[in-house]
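Engineer: Input work.pdb, format and content: PDB, C-alpha atoms and all ligand atoms.
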```
MODEL        1
ATOM      1  CA  MET A   1      72.796-107.248  22.988
ATOM      2  CA  THR A   2      76.271-106.833  24.383
ATOM      3  CA  THR A   3      77.164-108.674  27.559
ATOM      4  CA  THR A   4      74.574-111.437  27.557
ATOM      5  CA  ASP A   5      76.181-114.829  27.989
ATOM      6  CA  SER A   6      74.989-117.652  25.728
ATOM      7  CA  ILE A   7      74.891-119.955  28.774
ATOM      8  CA  ASP A   8      72.346-117.626  30.373
ATOM      9  CA  ILE A   9      70.292-117.583  27.175
ATOM     10  CA  GLN A  10      70.340-121.389  27.191
ATOM     11  CA  ARG A  11      69.219-121.502  30.846
ATOM     12  CA  ALA A  12      66.360-119.162  30.021
ATOM     13  CA  ALA A  13      65.357-121.317  27.047
ATOM     14  CA  ASP A  14      65.395-124.447  29.244
ATOM     15  CA  TRP A  15      63.058-122.826  31.781
ATOM     16  CA  VAL A  16      60.677-121.795  29.006
ATOM     17  CA  ARG A  17      60.763-125.310  27.534
ATOM     18  CA  ASN A  18      60.036-126.948  30.916
ATOM     19  CA  ALA A  19      57.371-124.509  32.122
ATOM     20  CA  ASP A  20      53.674-125.398  32.193
ATOM     21  CA  GLY A  21      52.707-121.720  32.157
ATOM     22  CA  ILE A  22      54.396-118.421  31.298
ATOM     23  CA  VAL A  23      53.936-115.243  33.285
ATOM     24  CA  ILE A  24      54.835-112.282  31.081
ATOM     25  CA  ALA A  25      55.636-109.175  33.140
ATOM     26  CA  ALA A  26      56.127-106.265  30.755
ATOM     27  CA  GLY A  27      57.207-102.680  31.390
ATOM     28  CA  ALA A  28      57.879 -99.716  29.108
ATOM     29  CA  GLY A  29      60.891-101.445  27.520
ATOM     30  CA  MET A  30      58.496-103.871  25.795
ATOM     31  CA  SER A  31      56.659-101.014  24.052
ATOM     32  CA  VAL A  32      59.773 -99.065  23.130
ATOM     33  CA  ASP A  33      60.743-101.606  20.465
ATOM     34  CA  SER A  34      57.411-100.941  18.718
ATOM     35  CA  GLY A  35      58.280 -97.229  18.654
ATOM     36  CA  LEU A  36      56.153 -96.203  21.645
ATOM     37  CA  PRO A  37      57.466 -94.075  24.505
ATOM     38  CA  ASP A  38      56.757 -94.673  28.190
ATOM     39  CA  PHE A  39      53.791 -92.380  28.883
ATOM     40  CA  ARG A  40      55.036 -91.595  32.369
ATOM     41  CA  GLY A  41      58.522 -90.650  31.252
ATOM     42  CA  THR A  42      59.831 -87.615  29.466
ATOM     43  CA  ASP A  43      61.041 -89.500  26.419
ATOM     44  CA  GLY A  44      61.594 -87.292  23.393
ATOM     45  CA  LEU A  45      58.734 -88.843  21.449
ATOM     46  CA  TRP A  46      56.232 -87.445  23.929
ATOM     47  CA  THR A  47      57.420 -83.940  23.180
ATOM     48  CA  ALA A  48      55.908 -84.342  19.718
ATOM     49  CA  LEU A  49      52.505 -85.001  21.311
ATOM     50  CA  LEU A  50      52.440 -81.759  23.310
ATOM     51  CA  PRO A  51      49.742 -79.158  22.572
ATOM     52  CA  ALA A  52      50.972 -76.011  20.801
ATOM     53  CA  GLY A  53      52.770 -73.621  23.130
ATOM     54  CA  MET A  54      53.755 -76.241  25.684
ATOM     55  CA  THR A  55      57.246 -77.609  26.248
ATOM     56  CA  GLU A  56      58.783 -80.793  27.584
ATOM     57  CA  ARG A  57      58.656 -79.281  31.075
ATOM     58  CA  ASP A  58      54.848 -79.246  30.867
ATOM     59  CA  ILE A  59      54.687 -83.040  30.546
ATOM     60  CA  GLY A  60      54.830 -83.215  34.344
ATOM     61  CA  SER A  61      51.519 -81.371  34.724
ATOM     62  CA  LEU A  62      49.907 -83.558  32.051
ATOM     63  CA  THR A  63      50.679 -86.748  33.967
ATOM     64  CA  GLN A  64      49.050 -85.586  37.220
ATOM     65  CA  GLY A  65      45.689 -86.961  38.283
ATOM     66  CA  ASP A  66      43.958 -83.569  38.116
ATOM     67  CA  CYS A  67      45.023 -82.711  34.563
ATOM     68  CA  PHE A  68      41.695 -83.736  33.014
ATOM     69  CA  VAL A  69      39.924 -81.489  35.553
ATOM     70  CA  ASP A  70      42.339 -78.528  35.523
ATOM     71  CA  LYS A  71      43.193 -78.346  31.817
ATOM     72  CA  PRO A  72      40.976 -80.801  29.925
ATOM     73  CA  VAL A  73      41.656 -79.396  26.453
ATOM     74  CA  ASP A  74      45.461 -79.641  26.857
ATOM     75  CA  ALA A  75      45.167 -83.083  28.432
ATOM     76  CA  TRP A  76      42.907 -84.351  25.639
ATOM     77  CA  GLN A  77      45.160 -82.892  22.943
ATOM     78  CA  PHE A  78      48.089 -84.718  24.525
ATOM     79  CA  TYR A  79      46.400 -88.059  25.151
ATOM     80  CA  GLY A  80      44.202 -87.884  22.049
ATOM     81  CA  ARG A  81      47.375 -87.744  20.002
ATOM     82  CA  ALA A  82      48.844 -90.572  22.120
ATOM     83  CA  LEU A  83      45.742 -92.641  21.362
ATOM     84  CA  GLN A  84      46.259 -91.985  17.654
ATOM     85  CA  VAL A  85      49.938 -92.985  17.887
ATOM     86  CA  CYS A  86      49.125 -96.171  19.862
ATOM     87  CA  GLY A  87      46.501 -97.051  17.248
ATOM     88  CA  GLN A  88      48.895 -96.611  14.336
ATOM     89  CA  CYS A  89      51.810 -98.436  15.953
ATOM     90  CA  LYS A  90      52.168-102.174  15.379
ATOM     91  CA  PRO A  91      53.382-104.527  18.131
ATOM     92  CA  HIS A  92      56.899-105.795  17.338
ATOM     93  CA  ALA A  93      57.746-109.426  16.572
ATOM     94  CA  GLY A  94      58.582-110.227  20.227
ATOM     95  CA  TYR A  95      54.856-110.405  21.072
ATOM     96  CA  ALA A  96      54.361-113.218  18.557
ATOM     97  CA  LEU A  97      57.426-115.137  19.843
ATOM     98  CA  LEU A  98      56.101-115.113  23.419
ATOM     99  CA  LYS A  99      52.658-116.120  22.195
ATOM    100  CA  ARG A 100      54.100-119.084  20.303
ATOM    101  CA  TRP A 101      56.100-120.272  23.348
ATOM    102  CA  ALA A 102      52.969-119.965  25.490
ATOM    103  CA  GLY A 103      51.051-122.098  22.996
ATOM    104  CA  ASP A 104      53.466-124.958  23.702
ATOM    105  CA  THR A 105      52.725-124.931  27.450
ATOM    106  CA  ARG A 106      49.806-126.550  29.218
ATOM    107  CA  HIS A 107      48.359-123.378  30.742
ATOM    108  CA  GLY A 108      49.522-120.817  28.209
ATOM    109  CA  ALA A 109      50.477-117.291  29.300
ATOM    110  CA  PHE A 110      49.131-114.539  31.492
ATOM    111  CA  VAL A 111      50.344-110.993  30.909
ATOM    112  CA  PHE A 112      50.957-108.459  33.686
ATOM    113  CA  THR A 113      51.848-105.081  32.233
ATOM    114  CA  SER A 114      52.193-101.450  33.245
ATOM    115  CA  ASN A 115      51.895-100.448  29.606
ATOM    116  CA  VAL A 116      48.654 -98.691  28.714
ATOM    117  CA  ASP A 117      48.909 -99.152  24.934
ATOM    118  CA  GLY A 118      46.789-102.325  24.675
ATOM    119  CA  HIS A 119      49.425-103.927  22.470
ATOM    120  CA  PHE A 120      49.178-107.446  23.878
ATOM    121  CA  GLN A 121      45.500-107.609  22.880
ATOM    122  CA  LYS A 122      46.382-106.016  19.549
ATOM    123  CA  ALA A 123      48.976-108.784  19.043
ATOM    124  CA  GLY A 124      46.234-111.399  19.516
ATOM    125  CA  TYR A 125      46.480-112.149  23.253
ATOM    126  CA  ASP A 126      43.229-113.094  24.973
ATOM    127  CA  GLU A 127      41.736-110.046  26.743
ATOM    128  CA  ALA A 128      40.884-112.374  29.663
ATOM    129  CA  ARG A 129      44.594-113.192  30.125
ATOM    130  CA  VAL A 130      45.950-109.639  30.431
ATOM    131  CA  LEU A 131      46.307-107.519  33.574
ATOM    132  CA  GLU A 132      46.986-103.826  32.942
ATOM    133  CA  CYS A 133      48.054-102.600  36.381
ATOM    134  CA  HIS A 134      47.940 -98.925  35.335
ATOM    135  CA  GLY A 135      44.829 -99.272  33.178
ATOM    136  CA  ALA A 136      44.645 -98.719  29.435
ATOM    137  CA  ILE A 137      44.540 -95.718  27.125
ATOM    138  CA  ASN A 138      41.934 -97.307  24.840
ATOM    139  CA  PHE A 139      39.337 -97.474  27.598
ATOM    140  CA  MET A 140      37.448 -94.517  29.027
ATOM    141  CA  GLN A 141      35.765 -93.529  32.263
ATOM    142  CA  CYS A 142      33.868 -90.570  33.706
ATOM    143  CA  GLY A 143      36.255 -87.807  34.807
ATOM    144  CA  GLU A 144      34.402 -87.200  38.096
ATOM    145  CA  PRO A 145      33.804 -90.190  38.272
ATOM    146  CA  CYS A 146      30.032 -90.581  38.773
ATOM    147  CA  GLY A 147      30.291 -94.385  38.860
ATOM    148  CA  ASP A 148      32.393 -97.430  38.029
ATOM    149  CA  ALA A 149      31.581 -97.601  34.317
ATOM    150  CA  ILE A 150      34.473 -98.194  31.892
ATOM    151  CA  TRP A 151      33.937 -98.330  28.134
ATOM    152  CA  ALA A 152      36.135 -98.929  25.082
ATOM    153  CA  SER A 153      37.158 -95.750  23.295
ATOM    154  CA  GLY A 154      37.170 -97.520  19.919
ATOM    155  CA  ASN A 155      38.356 -95.374  17.048
ATOM    156  CA  MET A 156      36.884 -92.115  18.317
ATOM    157  CA  MET A 157      40.194 -90.217  17.970
ATOM    158  CA  ASP A 158      41.244 -91.660  14.607
ATOM    159  CA  GLU A 159      39.796 -88.907  12.407
ATOM    160  CA  VAL A 160      39.913 -86.067  14.937
ATOM    161  CA  ASP A 161      41.902 -82.919  14.152
ATOM    162  CA  ILE A 162      43.661 -82.720  17.499
ATOM    163  CA  GLU A 163      44.884 -79.119  17.048
ATOM    164  CA  ALA A 164      41.285 -77.961  16.608
ATOM    165  CA  LEU A 165      39.986 -79.944  19.590
ATOM    166  CA  GLY A 166      37.944 -77.602  21.823
ATOM    167  CA  LEU A 167      36.022 -78.057  25.063
ATOM    168  CA  SER A 168      32.708 -78.702  23.287
ATOM    169  CA  ALA A 169      34.197 -81.566  21.247
ATOM    170  CA  LEU A 170      35.690 -83.498  24.174
ATOM    171  CA  PRO A 171      34.244 -86.933  24.969
ATOM    172  CA  ARG A 172      31.678 -87.010  27.738
ATOM    173  CA  CYS A 173      30.341 -89.542  30.202
ATOM    174  CA  PRO A 174      27.153 -91.104  28.777
ATOM    175  CA  ARG A 175      25.670 -91.322  32.285
ATOM    176  CA  CYS A 176      26.167 -87.846  33.772
ATOM    177  CA  GLY A 177      27.423 -85.726  30.860
ATOM    178  CA  GLN A 178      30.654 -84.667  32.614
ATOM    179  CA  LEU A 179      33.921 -84.833  30.689
ATOM    180  CA  ALA A 180      35.338 -88.319  30.188
ATOM    181  CA  ARG A 181      39.003 -89.347  30.401
ATOM    182  CA  PRO A 182      41.138 -92.369  29.554
ATOM    183  CA  ASN A 183      41.001 -95.148  32.136
ATOM    184  CA  PHE A 184      44.673 -95.203  33.049
ATOM    185  CA  LEU A 185      46.364 -94.308  36.283
ATOM    186  CA  LEU A 186      48.100 -90.940  36.448
ATOM    187  CA  PHE A 187      50.336 -89.706  39.256
ATOM    188  CA  ASP A 188      48.452 -88.721  42.456
ATOM    189  CA  ASP A 189      45.276 -89.850  40.741
ATOM    190  CA  ASP A 190      42.148 -89.829  42.962
ATOM    191  CA  HIS A 191      39.778 -90.189  40.012
ATOM    192  CA  TRP A 192      40.947 -93.461  38.429
ATOM    193  CA  VAL A 193      38.292 -96.188  38.262
ATOM    194  CA  GLU A 194      39.982 -99.497  39.018
ATOM    195  CA  THR A 195      37.130-101.958  38.482
ATOM    196  CA  ARG A 196      38.539-103.277  35.195
ATOM    197  CA  THR A 197      42.014-103.790  36.659
ATOM    198  CA  SER A 198      40.554-105.401  39.830
ATOM    199  CA  ALA A 199      38.703-107.956  37.702
ATOM    200  CA  GLN A 200      41.957-108.643  35.837
ATOM    201  CA  TRP A 201      43.714-109.293  39.184
ATOM    202  CA  GLU A 202      41.053-111.812  40.092
ATOM    203  CA  ARG A 203      41.455-113.641  36.764
ATOM    204  CA  LEU A 204      45.247-113.737  37.244
ATOM    205  CA  ARG A 205      44.911-115.296  40.703
ATOM    206  CA  ILE A 206      42.566-117.968  39.344
ATOM    207  CA  TRP A 207      44.839-118.687  36.360
ATOM    208  CA  LEU A 208      47.957-119.042  38.535
ATOM    209  CA  ARG A 209      46.463-121.583  40.949
ATOM    210  CA  PRO A 210      46.888-124.803  38.902
ATOM    211  CA  VAL A 211      50.219-123.748  37.319
ATOM    212  CA  GLN A 212      52.925-125.938  38.854
ATOM    213  CA  ARG A 213      56.067-124.872  36.977
ATOM    214  CA  PRO A 214      55.633-121.217  36.013
ATOM    215  CA  VAL A 215      58.450-119.228  34.474
ATOM    216  CA  VAL A 216      58.366-115.451  34.781
ATOM    217  CA  ILE A 217      59.646-113.419  31.849
ATOM    218  CA  GLU A 218      60.074-109.807  32.935
ATOM    219  CA  ILE A 219      60.737-107.414  30.072
ATOM    220  CA  GLY A 220      61.853-103.784  30.165
ATOM    221  CA  ALA A 221      60.531-103.088  33.653
ATOM    222  CA  GLY A 222      61.913 -99.964  35.317
ATOM    223  CA  THR A 223      62.877 -99.329  38.917
ATOM    224  CA  ALA A 224      61.402 -95.810  39.286
ATOM    225  CA  VAL A 225      57.821 -97.152  39.414
ATOM    226  CA  PRO A 226      58.582-100.781  40.317
ATOM    227  CA  SER A 227      55.045-102.260  39.997
ATOM    228  CA  VAL A 228      56.081-104.790  37.351
ATOM    229  CA  ARG A 229      59.326-105.791  39.106
ATOM    230  CA  MET A 230      57.583-106.274  42.433
ATOM    231  CA  PHE A 231      54.943-108.460  40.820
ATOM    232  CA  ALA A 232      57.515-110.501  38.852
ATOM    233  CA  GLU A 233      59.516-111.190  42.014
ATOM    234  CA  SER A 234      56.373-112.198  43.921
ATOM    235  CA  VAL A 235      55.625-115.148  41.602
ATOM    236  CA  ARG A 236      57.231-118.474  42.541
ATOM    237  CA  GLY A 237      59.356-119.937  39.753
ATOM    238  CA  PRO A 238      62.504-118.845  37.952
ATOM    239  CA  LEU A 239      62.725-115.251  36.761
ATOM    240  CA  ILE A 240      64.078-114.270  33.354
ATOM    241  CA  ARG A 241      64.795-110.547  33.588
ATOM    242  CA  ILE A 242      65.325-108.797  30.254
ATOM    243  CA  ASN A 243      66.523-105.243  30.722
ATOM    244  CA  LEU A 244      68.759-102.817  28.886
ATOM    245  CA  ASP A 245      70.228-101.221  32.029
ATOM    246  CA  GLU A 246      69.311-103.050  35.228
ATOM    247  CA  SER A 247      69.233-106.789  34.629
ATOM    248  CA  ASP A 248      70.580-108.085  37.979
ATOM    249  CA  VAL A 249      68.537-110.840  39.620
ATOM    250  CA  VAL A 250      68.531-111.911  43.267
ATOM    251  CA  GLY A 251      67.449-115.538  43.822
ATOM    252  CA  GLU A 252      66.577-118.120  41.175
ATOM    253  CA  GLY A 253      66.741-116.445  37.831
ATOM    254  CA  VAL A 254      68.855-115.009  35.099
ATOM    255  CA  GLY A 255      69.472-111.423  34.003
ATOM    256  CA  LEU A 256      69.726-110.828  30.267
ATOM    257  CA  ARG A 257      70.956-107.428  29.216
ATOM    258  CA  GLY A 258      69.490-106.046  26.003
ATOM    259  CA  THR A 259      66.354-104.772  24.308
ATOM    260  CA  ALA A 260      63.125-106.774  24.405
ATOM    261  CA  LEU A 261      63.144-107.875  20.779
ATOM    262  CA  ASP A 262      66.878-108.735  20.672
ATOM    263  CA  VAL A 263      66.809-110.931  23.781
ATOM    264  CA  LEU A 264      63.487-112.607  22.953
ATOM    265  CA  SER A 265      64.861-113.438  19.492
ATOM    266  CA  ALA A 266      68.022-114.897  21.075
ATOM    267  CA  ILE A 267      65.962-117.119  23.400
ATOM    268  CA  ASP A 268      63.821-118.178  20.450
ATOM    269  CA  ALA A 269      66.932-119.211  18.529
ATOM    270  CA  ALA A 270      68.082-121.256  21.559
ATOM    271  CA  LEU A 271      64.668-122.944  21.742
ATOM    272  CA  ALA A 272      64.781-124.019  18.108
TER     273      ALA A 272
HETATM  274 ZN    ZN A 301      29.770 -89.565  34.771
ENDMDL
END
```
Could you show the structure in this file as structure tokens?
Ligand SMILES: [Zn+2]

Structural biologist:
Amino acid sequence: MTTTDSIDIQRAADWVRNADGIVIAAGAGMSVDSGLPDFRGTDGLWTALLPAGMTERDIGSLTQGDCFVDKPVDAWQFYGRALQVCGQCKPHAGYALLKRWAGDTRHGAFVFTSNVDGHFQKAGYDEARVLECHGAINFMQCGEPCGDAIWASGNMMDEVDIEALGLSALPRCPRCGQLARPNFLLFDDDHWVETRTSAQWERLRIWLRPVQRPVVIEIGAGTAVPSVRMFAESVRGPLIRINLDESDVVGEGVGLRGTALDVLSAIDAALA
């Protein structure tokens, strides 16, 4: 943390202390501190996930909605490895700090995240209190799709030799036998099944209703795909914006420049 003012940290801590519910709005910057790259970006870590013979330039084609139809083996090698990495990675200490603060409020927390890594649930957050606006890598759907079914992928990729993954070994839809794919939203994606995310939206609306003094903690949310920022700004209540590069806030709120874990730790120290 460099330019964050201790007065701003104190203001943020006061809002957290006085809130009766915490809205956590998390973007890629929340995952980065656990060692995970943004799956939509071209971060260097993703280069290591690329199938043999492909380069960083090919990441673009592997984030398009048709990639599981056009080149399923490449797409599954890429995302199968990502699933392995997400499974091995542990959520950083910031998840536990937020969870503890939420435990001191009347209504607890609800998470809105564009991250597909499932790390809030892995950190012990209630599945019924998480909205994954771009879906999740650890859930699957039919690639067609033949219906609305979404199922947990479990540990199916844990022991798989990704390099040797061929067409016949790819996961398939239990209903129609077509190839399956992860249930997250790609770019220009006509095939994504949104039933799970729609149900999460409904639960968020119901949770928010009785909350009278919400505080919104937005963490590491980018401006290129502003889903998380737009949501955070749509919630009434003060906004705590934690961001390494773009922390300006318009309206009631405070911008804290720094990484997720550094700033959350600073707020925690102010709360003590
Ligand atoms: Zn199917």

Engineer: Excluding Gly103 of chain A and any residue of its chain fewer than 4 positions from it, enumerate the residues within 12 Å of it, using all atoms listed in the file, and give them as a list in words.

Structural biologist: Val16, Arg17, Ala19, Asp20, Gly21, Ile22, Ala96, Leu97, Leu98, Lys99, His107, Gly108, Ala109, Phe110 and Tyr125 of chain A

Engineer: Pick out the closest residue to Trp151 of chain A from this set: A:Arg196, A:Val235, A:Ile9, A:Trp15. Count all atoms listed in the file.

Structural biologist: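 The answer is A:Arg196, which sits nearest to Trp151 of chain A.
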
Engineer: Please evaluate the PyMOL selection byres (((chain A and resi 208-225) around 7) and not hetatm) against the structure above and give the resulting residues as a PyMOL selection string.

Structural biologist: chain A and resi 15-16+19-30+107+204-207+226-229+232+237-243+260

Engineer: Find the residues around Lys122 of chain A up to 12 Å (all atoms listed in the file counted), leave out those fewer than 2 positions away in its own chain, and share them as a list in words.

Structural biologist: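 Near Lys122 of chain A, the qualifying residues are Cys86, Gly87, Gln88, Cys89, Lys90, Pro91, His92, Tyr95, Ala96, Val116, Asp117, Gly118, His119, Phe120, Gly124, Tyr125, Asp126, Glu127, Val130 and Asn138 of chain A.
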
Engineer: For Arg181 of chain A, find every residue with an atom within 10 Å (counting all atoms listed in the file), except residues of its own chain fewer than 2 positions away, and show them as a list in words.

Structural biologist: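 Near Arg181 of chain A, the qualifying residues are Cys67, Phe68, Val69, Pro72, Ala75, Trp76, Tyr79, Gly80, Ile137, Phe139, Met140, Gln141, Cys142, Gly143, Glu144, Pro145, Ser153, Leu170, Pro171, Arg172, Cys173, Gln178, Leu179, Asn183, Phe184, His191 and Trp192 of chain A.
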
Engineer: Report, in Å with one decimal, the straight-line distance from atom CA of Gly94 of chain A to atom CA of Val32 of chain A.

Structural biologist: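 Atom CA of Val32 of chain A lies at a distance of 11.6 Å from atom CA of Gly94 of chain A.
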
Engineer: With all heavy atoms retained, output segment 118-128 of chain A as a PDB file, in the first residue's frame.

Structural biologist:
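Result file follows (result-v6.pdb):
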```pdb
ATOM      1  N   GLY A 118     -14.438 -20.196  -7.458  1.00  0.00           N
ATOM      2  CA  GLY A 118     -15.140 -20.834  -6.340  1.00  0.00           C
ATOM      3  C   GLY A 118     -14.447 -20.649  -4.996  1.00  0.00           C
ATOM      4  O   GLY A 118     -14.698 -21.401  -4.054  1.00  0.00           O
ATOM      5  N   HIS A 119     -13.589 -19.631  -4.887  1.00  0.00           N
ATOM      6  CA  HIS A 119     -12.774 -19.513  -3.688  1.00  0.00           C
ATOM      7  C   HIS A 119     -13.523 -19.021  -2.460  1.00  0.00           C
ATOM      8  O   HIS A 119     -13.105 -19.286  -1.339  1.00  0.00           O
ATOM      9  CB  HIS A 119     -11.542 -18.639  -3.971  1.00  0.00           C
ATOM     10  CG  HIS A 119     -10.367 -19.469  -4.396  1.00  0.00           C
ATOM     11  ND1 HIS A 119      -9.088 -19.014  -4.436  1.00  0.00           N
ATOM     12  CD2 HIS A 119     -10.309 -20.766  -4.777  1.00  0.00           C
ATOM     13  CE1 HIS A 119      -8.274 -19.988  -4.835  1.00  0.00           C
ATOM     14  NE2 HIS A 119      -9.006 -21.049  -5.061  1.00  0.00           N
ATOM     15  N   PHE A 120     -14.620 -18.291  -2.647  1.00  0.00           N
ATOM     16  CA  PHE A 120     -15.385 -17.883  -1.461  1.00  0.00           C
ATOM     17  C   PHE A 120     -15.971 -19.116  -0.776  1.00  0.00           C
ATOM     18  O   PHE A 120     -15.866 -19.275   0.444  1.00  0.00           O
ATOM     19  CB  PHE A 120     -16.464 -16.858  -1.837  1.00  0.00           C
ATOM     20  CG  PHE A 120     -15.918 -15.459  -1.972  1.00  0.00           C
ATOM     21  CD1 PHE A 120     -15.556 -14.956  -3.210  1.00  0.00           C
ATOM     22  CD2 PHE A 120     -15.735 -14.656  -0.853  1.00  0.00           C
ATOM     23  CE1 PHE A 120     -15.024 -13.679  -3.330  1.00  0.00           C
ATOM     24  CE2 PHE A 120     -15.211 -13.378  -0.966  1.00  0.00           C
ATOM     25  CZ  PHE A 120     -14.846 -12.889  -2.210  1.00  0.00           C
ATOM     26  N   GLN A 121     -16.566 -20.021  -1.568  1.00  0.00           N
ATOM     27  CA  GLN A 121     -17.104 -21.254  -0.976  1.00  0.00           C
ATOM     28  C   GLN A 121     -15.978 -22.076  -0.356  1.00  0.00           C
ATOM     29  O   GLN A 121     -16.139 -22.654   0.708  1.00  0.00           O
ATOM     30  CB  GLN A 121     -17.833 -22.079  -2.047  1.00  0.00           C
ATOM     31  CG  GLN A 121     -19.128 -21.441  -2.554  1.00  0.00           C
ATOM     32  CD  GLN A 121     -18.914 -20.608  -3.807  1.00  0.00           C
ATOM     33  OE1 GLN A 121     -17.876 -19.984  -3.972  1.00  0.00           O
ATOM     34  NE2 GLN A 121     -19.901 -20.608  -4.682  1.00  0.00           N
ATOM     35  N   LYS A 122     -14.831 -22.100  -1.042  1.00  0.00           N
ATOM     36  CA  LYS A 122     -13.699 -22.872  -0.524  1.00  0.00           C
ATOM     37  C   LYS A 122     -13.220 -22.286   0.815  1.00  0.00           C
ATOM     38  O   LYS A 122     -12.718 -23.014   1.675  1.00  0.00           O
ATOM     39  CB  LYS A 122     -12.560 -22.832  -1.553  1.00  0.00           C
ATOM     40  CG  LYS A 122     -11.496 -23.881  -1.348  1.00  0.00           C
ATOM     41  CD  LYS A 122     -10.531 -23.871  -2.517  1.00  0.00           C
ATOM     42  CE  LYS A 122      -9.501 -24.978  -2.384  1.00  0.00           C
ATOM     43  NZ  LYS A 122      -8.554 -24.990  -3.505  1.00  0.00           N
ATOM     44  N   ALA A 123     -13.379 -20.966   0.980  1.00  0.00           N
ATOM     45  CA  ALA A 123     -12.971 -20.301   2.217  1.00  0.00           C
ATOM     46  C   ALA A 123     -14.050 -20.408   3.293  1.00  0.00           C
ATOM     47  O   ALA A 123     -13.938 -19.781   4.352  1.00  0.00           O
ATOM     48  CB  ALA A 123     -12.646 -18.834   1.942  1.00  0.00           C
ATOM     49  N   GLY A 124     -15.128 -21.148   3.033  1.00  0.00           N
ATOM     50  CA  GLY A 124     -16.136 -21.403   4.050  1.00  0.00           C
ATOM     51  C   GLY A 124     -17.386 -20.547   3.963  1.00  0.00           C
ATOM     52  O   GLY A 124     -18.246 -20.616   4.830  1.00  0.00           O
ATOM     53  N   TYR A 125     -17.514 -19.741   2.897  1.00  0.00           N
ATOM     54  CA  TYR A 125     -18.728 -18.934   2.722  1.00  0.00           C
ATOM     55  C   TYR A 125     -19.876 -19.846   2.306  1.00  0.00           C
ATOM     56  O   TYR A 125     -19.678 -20.809   1.562  1.00  0.00           O
ATOM     57  CB  TYR A 125     -18.511 -17.854   1.653  1.00  0.00           C
ATOM     58  CG  TYR A 125     -17.633 -16.709   2.101  1.00  0.00           C
ATOM     59  CD1 TYR A 125     -16.265 -16.890   2.266  1.00  0.00           C
ATOM     60  CD2 TYR A 125     -18.173 -15.455   2.358  1.00  0.00           C
ATOM     61  CE1 TYR A 125     -15.446 -15.853   2.681  1.00  0.00           C
ATOM     62  CE2 TYR A 125     -17.364 -14.403   2.775  1.00  0.00           C
ATOM     63  CZ  TYR A 125     -16.000 -14.609   2.936  1.00  0.00           C
ATOM     64  OH  TYR A 125     -15.202 -13.581   3.347  1.00  0.00           O
ATOM     65  N   ASP A 126     -21.073 -19.495   2.772  1.00  0.00           N
ATOM     66  CA  ASP A 126     -22.282 -20.243   2.455  1.00  0.00           C
ATOM     67  C   ASP A 126     -22.563 -20.149   0.946  1.00  0.00           C
ATOM     68  O   ASP A 126     -22.663 -19.052   0.402  1.00  0.00           O
ATOM     69  CB  ASP A 126     -23.434 -19.627   3.272  1.00  0.00           C
ATOM     70  CG  ASP A 126     -24.746 -20.374   3.088  1.00  0.00           C
ATOM     71  OD1 ASP A 126     -24.807 -21.294   2.260  1.00  0.00           O
ATOM     72  OD2 ASP A 126     -25.702 -20.005   3.797  1.00  0.00           O
ATOM     73  N   GLU A 127     -22.709 -21.294   0.304  1.00  0.00           N
ATOM     74  CA  GLU A 127     -23.019 -21.343  -1.137  1.00  0.00           C
ATOM     75  C   GLU A 127     -24.266 -20.510  -1.483  1.00  0.00           C
ATOM     76  O   GLU A 127     -24.367 -19.926  -2.556  1.00  0.00           O
ATOM     77  CB  GLU A 127     -23.194 -22.813  -1.551  1.00  0.00           C
ATOM     78  CG  GLU A 127     -23.902 -23.089  -2.865  1.00  0.00           C
ATOM     79  CD  GLU A 127     -23.023 -22.882  -4.093  1.00  0.00           C
ATOM     80  OE1 GLU A 127     -21.800 -22.681  -3.936  1.00  0.00           O
ATOM     81  OE2 GLU A 127     -23.571 -22.895  -5.210  1.00  0.00           O
ATOM     82  N   ALA A 128     -25.213 -20.439  -0.511  1.00  0.00           N
ATOM     83  CA  ALA A 128     -26.462 -19.708  -0.748  1.00  0.00           C
ATOM     84  C   ALA A 128     -26.284 -18.193  -0.624  1.00  0.00           C
ATOM     85  O   ALA A 128     -27.220 -17.432  -0.850  1.00  0.00           O
ATOM     86  CB  ALA A 128     -27.531 -20.176   0.237  1.00  0.00           C
TER      87      ALA A 128
END
```
